[in-house]
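One structure below.
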Amino acid sequence: MPTSTTLDGETRGGRPARPRPAVPPVSRRRRDGPGRTGPRRDNLLAWVFLAPSVTVFALFLLYPLGRTVYLSMHGNDIIGRPSRFVGLSHFQEMMSADFGKVLLTTALFTVGVVVPGVIGALAVVLLLESKVRAQRFFRSAFALPFAFSVASASVIFAVFYNPASGVLNGILHHLGMSQVAWLTSQEMALLSICLTTVWMNLGYGVLVLAAGVGAIPREVNEAALLDGATGPRRAWYITVPLLGPQLFFLIVISTINALQGFGQIHILTQGGPVGSTTTLVYSIYQHAFAYGTSDFGRASAQALVLLLMVLLCTALQFGVIERKVHYS
């Protein structure tokens with residue numbers, strides 16, 4: 001007759017039961033699958049892959065920025081080496097009428113480049129998107145300035161602006177109008193630089209906006225045509241709002257490029273006449289490198305002001321214009 005085991009480990013027949021083998025406790029260790037690593041090793045591996053990018057970022061951005069801050073608070077010897085600590089005296093020297101004129105010239109140059117450049121590129125794209133003949137030819141012609149370097153375009157316009165044999169004064173002479181001192185007049189020099197910069201940036205603006213027009217869904221234009229929106233009304237109420245992201249991008253990039261404009265000013269006017277085309281970037285060049293001055297302290301202080309101007313303009317554009325952009 002089979003016997004049953006009681007709770008205390010004895011059988012009912014009086015004989016002791018066999019001891020049961022002890023069951024080892026279940027391990028609560030993390031059981032990683034094959035090929036998986038722990039979080040510390042994952043973080044270490046991530047930093048290994050990020051190390052080249054972080055090194056380049058620190059070498060070409062963080063170190064120059066820190067060096068600029070350091071130089072802005074020090075004076076320089078005759079060869080440009082930091083010699084003494086001057087604190088914020090370089091920034092205090094900027095509170096003058098001369099530096100205010102430089103900031104005003106920079107602002108006028110930026111507005112004179114960004115506003116006509118964006119509006120001109122938009123007008124060209126809208127004109128090319130209408131049903132005109134030789135559309136591909138005109139696209140290539142308007143995008144051609146993008147292929148010119150700053151030096152090449154500046155030399156071309158230096159020939160155009162030549163007071164004796166320039167093309168522009170030749171046209172004015174044939175029209176019976178008086179000649180214009182494009183680069184030697186304080187009233188016309190900055191305007192001439194703006195016209196040159198707008199022409200140089202026109203091709204890039206046309207390419208960006210043309211890509212945006214090509215991305216507009218065909219169904220939207222077809223629906224607008226069915227509702228009777230044709231010509232300027234379709235362009236104003238359909239095309240321009242849908243080009244919001246491209247226009248916003250173009251405004252931000254054009255503003256940054258205008259604040260950093262240097263080559264065309266150096267080739268055409270060298271900041272003259274009488275400082276009428278001396279922008280903040282060219283003033284930095286004059287203090288740091290021109291005429292053998294090597295005044296890196298004042299130049300570094302102005303470079304920090306330029307950095308703040310770029311950050312402020314970009315923040316204002318993102319805070320005001322970006323809110324009105326329609327992302328489809």
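Lettering and numbering for the structure tokens are positional, with chains as A, B, ... in the shown order, residues counted from 1 in each chain, and ligands counted from 1 in the shown order.
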
Which residues, written as a ChimeraX atom specification, have at least one atom at most 9 Å from stretch 118-125 of chain A, with only C-alpha atoms counted and residues fewer than 2 positions away on the same chain left out? /A:113-116,127-130,139,142,198,201-207,209-210,213,240,247,250-251,254

As a PyMOL selection string, please: every residue in stretch 92-305 of chain A that DSSP puts in helix (DSSP H, G or I). chain A and resi 92-93+97-129+135-147+150-160+167-174+189-214+218-226+232-242+244-259+263-268+280-288+290-292+296-305

Which residues come within 7 Å of stretch 104-109 of chain A, counting only C-alpha atoms, excluding same-chain residues fewer than 5 positions away, as number ranges by chain? A: 194, 259, 277-280

Deliver the residues from the most recent selection as a file, using N, CA, C and O atoms, as a PDB file, in the first residue's frame.
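Done, and the output landed in part-v2.pdb:
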ATOM      1  N   CYS A 194      25.999  97.328 -52.363  1.00  0.00           N
ATOM      2  CA  CYS A 194      24.759  96.557 -52.175  1.00  0.00           C
ATOM      3  C   CYS A 194      24.283  95.939 -53.483  1.00  0.00           C
ATOM      4  O   CYS A 194      23.863  94.771 -53.515  1.00  0.00           O
ATOM      5  N   LEU A 259      25.997  90.254 -42.896  1.00  0.00           N
ATOM      6  CA  LEU A 259      26.758  90.717 -41.741  1.00  0.00           C
ATOM      7  C   LEU A 259      28.227  90.321 -41.827  1.00  0.00           C
ATOM      8  O   LEU A 259      29.079  90.976 -41.219  1.00  0.00           O
ATOM      9  N   THR A 277      31.797 102.903 -46.473  1.00  0.00           N
ATOM     10  CA  THR A 277      31.496 101.489 -46.697  1.00  0.00           C
ATOM     11  C   THR A 277      32.235 100.590 -45.702  1.00  0.00           C
ATOM     12  O   THR A 277      32.401  99.395 -45.950  1.00  0.00           O
ATOM     13  N   THR A 278      32.670 101.153 -44.583  1.00  0.00           N
ATOM     14  CA  THR A 278      33.360 100.369 -43.560  1.00  0.00           C
ATOM     15  C   THR A 278      32.324  99.695 -42.673  1.00  0.00           C
ATOM     16  O   THR A 278      31.729 100.320 -41.789  1.00  0.00           O
ATOM     17  N   THR A 279      32.093  98.426 -42.904  1.00  0.00           N
ATOM     18  CA  THR A 279      31.189  97.650 -42.060  1.00  0.00           C
ATOM     19  C   THR A 279      31.971  97.085 -40.868  1.00  0.00           C
ATOM     20  O   THR A 279      33.177  97.288 -40.734  1.00  0.00           O
ATOM     21  N   LEU A 280      31.275  96.353 -40.012  1.00  0.00           N
ATOM     22  CA  LEU A 280      31.912  95.833 -38.805  1.00  0.00           C
ATOM     23  C   LEU A 280      32.998  94.811 -39.148  1.00  0.00           C
ATOM     24  O   LEU A 280      34.067  94.806 -38.530  1.00  0.00           O
TER      25      LEU A 280
END

Between atom CA of A:Ala299 and atom CA of A:His287 - distance in Å to one decimal: 5.5 Å

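As for atom CA of A:Leu311 and atom CA of A:Ala288, they are spaced 22.7 Å apart.
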
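Remark: for A:Thr269, the closest of the candidate residues A:Phe248, A:Phe289, A:Phe49, A:Phe157 is A:Phe157 (distances computed over only C-alpha atoms).
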
Please determine, counting only C-alpha atoms, which residue among A:Phe318, A:Phe57, A:Phe146, A:Tyr285 has the shortest atom-to-atom distance to A:Gln302. A:Tyr285
